[in-house]
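**Student:** Pasting a structure here, questions to come.
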Amino acid sequence: MTSCQTQYLLMLLLSVGVSAVEVQRPRGVPLSKRQFYEEGKPFTCLDGSRTIPFDRVNDDYCDCKDGSDEPGTAACPNGSFHCTNAGFRPGFIPSSRINDGICDCCDTTDEYNSGAACQNTCRELGRKERESLQKMAEITKEGFLLKQQLIQDAKRGLEEKKAKQADIQIGKKDLEAKVEALRTVKETAEQPEKEAKERHLKAWEEQKAVIQMEKDKAKMAEVLSELDDDADGSVSVAELLSHSELDPDSDGSFTEAEAQGLLGGVDKVDSVAFESVWNNIKEKYTSEANTETPAEVETPGEEIKEPPSDNESEQYPEEDIPEEEEEDDEEDEEEDQDDGDYKQSPPPTQTPDKKEDDDEGTMPPFDQETQNLIDAAQIARDAFDEAERALREVDDQVKNLEKEISFDFGPNAEFAYLYSQCYELSTSEYIYRLCPFNRMSQKPKFGGSETNLGSWGHWAGPEDNIYSLMKYEHGTGCWQGPNRSTTIKLTCGKETVVTSVSEPSRCEYLLEFISPAICQEPPSLDAALHGHEEL
């Protein structure tokens, strides 16, 4: 039975039990133990340790080890006194408080021989408690009615989700078929695109080979002209020896024999035969035009005059540039960087991958036929990507629905209304945020980052009321301590609200949470009377 049920039952007991007849028994004995105290018969200590004459009960001398022979006196240190408290709640006090001059029982029965001026306040206390319990009972009743509505809403919501899930599954199958069809269209369009690109590339490679060959021939003719010192249209051993970089073994000594070897074993080759020689020397050959000339020797007393610079800032040494100019330069650099981020040229019509090639130039644009194939393939790719993205979104919807449908929202899904909701409590320092079935967090009220106090773990109440507690685990780790965690204690109420947060143990938080979903059905009058004990 929950606390709300117990309190409601107690209210009923009080309302019908105030006028009940008090059964006679020794002072300080509860009705539940009346049968052990029969006047005129020997009394056996409740622990069974010994039996004594009945006239030794409440004789102000402790005979039983458990103190059961002195329920109405202070003789036994371990005894207890039963307060009847007619009109209010019965209860027990330690026997040491009997006749101590302080009124502990509202019916004053604990001070029967002390002379203390006690007043019987049981009826007034009972009246106030009945009023309080009446309010709580009304809240419980209204909360339970709200819970029934929540259950009905959850039932309809579950049916709607299952229907939506079925519709999505049907749509998913259609979308899967669409994706496969568009995949085929895409692959069909990409094949001629690929072939056309390969043809274009092949033609470009062939064109580059022709260009390279022509450049190579022109270079060979240029070298032949450079080597042919006597302009007889041929290259001799002597002429070849003028280029020491052609030394085959690079030993620093370029001999006639080595030069003759480069010429194919002869002393001289004509322009036709020079082609085979060129293939052997072109990697090492250094053009005479690239040979650096010695720098002119400066005449003493003469100064080399630098041409005037267009950049006025160069008039100053680097360290003497005025601060304003330095700041302007920095701002200009930042603006240039910003321009690089935002002022990008729009993408042009698709062209081949442009590989800078100093010798052959860049690949020419695709011809119109190839470009048309590329455009068609891109349209097919875009359509396929769009359909595939839509399918992924549908998959996510299915997963989310399956997760929500399979979630444990209570015996009748009464807690389902909390899903995807969040509730906050603001204190002097923090804002606490509870998102049921998701996470619990804490954020400083006046700035700072959010701290995770735990993610949804499981229901953690006792076996007979498992849905009374929620456990959130694996939050942000404490400094040199465990990960934070939060226990949510649910109590019955008409509203859904966080009422308090505390930290009973380091890094372990306790949150009080009111919800109608936890309200239980109030007991009937018959059930209350069935458990009623006379005073």
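A note on labels: chains of the structure tokens are A, B, ... as shown, every chain counts residues from 1, and ligands are counted from 1 in their shown order.
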Write out as a ChimeraX atom specification the set of residues from stretch 197-237 of chain A that DSSP, computed on the backbone, places in helix (DSSP H, G or I).

**Tutor:** /A:197-227,237

**Student:** Can you pull out every residue within 12 Å of stretch 163-168 of chain A, counting only C-alpha atoms, but drop anything in the same chain fewer than 6 positions away, and send it as an NGL selection string?

**Tutor:** :A and (156-157 or 174-176 or 390-391 or 393-405)

**Student:** Identify, on the basis of only C-alpha atoms, every residue whose closest approach to stretch 234-241 of chain A does not exceed 6 Å; exclude the query and any residue fewer than 2 positions from it along the same chain; express the result as an MDAnalysis selection string.

**Tutor:** chainID A and resid 227:228 232 243 259:260 267:271

**Student:** With only C-alpha atoms as the basis for distance, which of A:Tyr423, A:Phe36, A:Trp278, A:Phe81 is at the shortest distance from A:Thr51?

**Tutor:**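 When distances to A:Thr51 are compared using only C-alpha atoms, the smallest one comes from A:Phe36.
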
**Student:** Determine the nearest neighbour of A:Lys219 from the options A:Gly481, A:Gly40, A:Cys492, A:Asn279, counting only C-alpha atoms.

**Tutor:** A:Asn279

**Student:** Looking at only C-alpha atoms, which of A:Gly171, A:Pro192, A:Pro77, A:Gly101 is the one that sits closest to A:Ala377?

**Tutor:**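 So, comparing all the options, the nearest one is A:Pro192.
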
**Student:** Kindly provide the residues of stretch 348-434 of chain A that approach stretch 182-188 of chain A to within 6 Å, each paired with its closest atom pair and their distance in Å to one decimal, based on only C-alpha atoms, listed by chain and increasing number, as a Markdown table.

**Tutor:**
| residue | atom | partner | partner_atom | distance |
| --- | --- | --- | --- | --- |
| A:Ala380 | CA | A:Lys186 | CA | 4.8 |
| A:Arg381 | CA | A:Lys186 | CA | 5.6 |
| A:Phe384 | CA | A:Leu182 | CA | 5.3 |

**Student:** For the residues in the current selection, export all heavy atoms as a PDB file, in the first residue's frame.

**Tutor:**
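Generated file (result_24.pdb):
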ATOM      1  N   ALA A 380      20.711  12.061 -62.224  1.00  0.00           N
ATOM      2  CA  ALA A 380      20.371  10.733 -61.699  1.00  0.00           C
ATOM      3  C   ALA A 380      20.965  10.525 -60.311  1.00  0.00           C
ATOM      4  O   ALA A 380      20.325   9.952 -59.426  1.00  0.00           O
ATOM      5  CB  ALA A 380      20.865   9.650 -62.660  1.00  0.00           C
ATOM      6  N   ARG A 381      22.203  11.020 -60.112  1.00  0.00           N
ATOM      7  CA  ARG A 381      22.826  10.898 -58.793  1.00  0.00           C
ATOM      8  C   ARG A 381      22.068  11.700 -57.746  1.00  0.00           C
ATOM      9  O   ARG A 381      21.838  11.236 -56.622  1.00  0.00           O
ATOM     10  CB  ARG A 381      24.283  11.358 -58.855  1.00  0.00           C
ATOM     11  CG  ARG A 381      25.242  10.301 -59.363  1.00  0.00           C
ATOM     12  CD  ARG A 381      26.688  10.732 -59.169  1.00  0.00           C
ATOM     13  NE  ARG A 381      27.066  11.823 -60.053  1.00  0.00           N
ATOM     14  CZ  ARG A 381      27.576  11.651 -61.272  1.00  0.00           C
ATOM     15  NH1 ARG A 381      27.760  10.423 -61.749  1.00  0.00           N
ATOM     16  NH2 ARG A 381      27.914  12.687 -62.006  1.00  0.00           N
ATOM     17  N   PHE A 384      18.870   9.953 -56.798  1.00  0.00           N
ATOM     18  CA  PHE A 384      19.165   8.785 -55.973  1.00  0.00           C
ATOM     19  C   PHE A 384      19.533   9.209 -54.549  1.00  0.00           C
ATOM     20  O   PHE A 384      19.045   8.631 -53.562  1.00  0.00           O
ATOM     21  CB  PHE A 384      20.309   7.978 -56.599  1.00  0.00           C
ATOM     22  CG  PHE A 384      20.806   6.872 -55.719  1.00  0.00           C
ATOM     23  CD1 PHE A 384      20.100   5.697 -55.583  1.00  0.00           C
ATOM     24  CD2 PHE A 384      21.985   7.029 -54.997  1.00  0.00           C
ATOM     25  CE1 PHE A 384      20.561   4.674 -54.768  1.00  0.00           C
ATOM     26  CE2 PHE A 384      22.467   6.026 -54.174  1.00  0.00           C
ATOM     27  CZ  PHE A 384      21.751   4.843 -54.064  1.00  0.00           C
TER      28      PHE A 384
END

**Student:** Using only C-alpha atoms, can you tell me which of A:Asn280, A:Gln24, A:Ser406, A:Gln35 comes closest to A:Lys162?

**Tutor:**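 Closest residue, counting only C-alpha atoms: A:Ser406.
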
**Student:** Name all residues at most 6 Å from A:Lys489 (count only C-alpha atoms; drop same-chain ones fewer than 2 positions away) and give them as a PyMOL selection string.

**Tutor:** chain A and resi 469+512-513

**Student:** Could those residues be written to a file, using C-alpha atoms, as a CSV table (one decimal), in the first residue's frame?

**Tutor:**
chain,number,residue,atom,x,y,z
A,469,LEU,CA,11.4,5.5,-8.1
A,512,GLU,CA,11.0,14.9,-5.6
A,513,PHE,CA,8.6,14.7,-8.5

**Student:** Tell me which protein, DNA and RNA residues are within 12 Å of A:Arg506, counting only C-alpha atoms, leaving out same-chain ones fewer than 3 positions away, and put them as a list in words.

**Tutor:**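 The residues satisfying every condition are Leu453, Gly477, Cys478, Trp479, Gln480, Gly481, Pro482, Asn483, Arg484, Ser485, Thr486, Ser502, Glu503, Tyr509 and Leu510 of chain A.
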
**Student:** Could you give me, as JSON lines, a per-residue list for stretch 448-528 of chain A showing, wherever an atom lies at most 12 Å from an atom of stretch 135-145 of chain A, the closest pair of atoms and their distance in Å to one decimal, using only C-alpha atoms and sorting by chain then residue number from low to high?

**Tutor:**
{"residue": "A:Thr491", "atom": "CA", "partner": "A:Thr140", "partner_atom": "CA", "distance": 10.0}
{"residue": "A:Cys492", "atom": "CA", "partner": "A:Thr140", "partner_atom": "CA", "distance": 6.5}
{"residue": "A:Gly493", "atom": "CA", "partner": "A:Gly143", "partner_atom": "CA", "distance": 5.5}
{"residue": "A:Lys494", "atom": "CA", "partner": "A:Gly143", "partner_atom": "CA", "distance": 4.7}
{"residue": "A:Glu495", "atom": "CA", "partner": "A:Gly143", "partner_atom": "CA", "distance": 8.1}
{"residue": "A:Thr496", "atom": "CA", "partner": "A:Gly143", "partner_atom": "CA", "distance": 10.3}
{"residue": "A:Ile514", "atom": "CA", "partner": "A:Gly143", "partner_atom": "CA", "distance": 10.1}
{"residue": "A:Ser515", "atom": "CA", "partner": "A:Gly143", "partner_atom": "CA", "distance": 7.9}
{"residue": "A:Pro516", "atom": "CA", "partner": "A:Gly143", "partner_atom": "CA", "distance": 4.6}
{"residue": "A:Ala517", "atom": "CA", "partner": "A:Phe144", "partner_atom": "CA", "distance": 7.5}
{"residue": "A:Ile518", "atom": "CA", "partner": "A:Phe144", "partner_atom": "CA", "distance": 8.2}
{"residue": "A:Cys519", "atom": "CA", "partner": "A:Phe144", "partner_atom": "CA", "distance": 5.1}
{"residue": "A:Gln520", "atom": "CA", "partner": "A:Phe144", "partner_atom": "CA", "distance": 6.0}
{"residue": "A:Glu521", "atom": "CA", "partner": "A:Phe144", "partner_atom": "CA", "distance": 6.0}
{"residue": "A:Pro522", "atom": "CA", "partner": "A:Lys141", "partner_atom": "CA", "distance": 6.6}
{"residue": "A:Pro523", "atom": "CA", "partner": "A:Ala137", "partner_atom": "CA", "distance": 10.2}
{"residue": "A:Ser524", "atom": "CA", "partner": "A:Lys141", "partner_atom": "CA", "distance": 11.6}
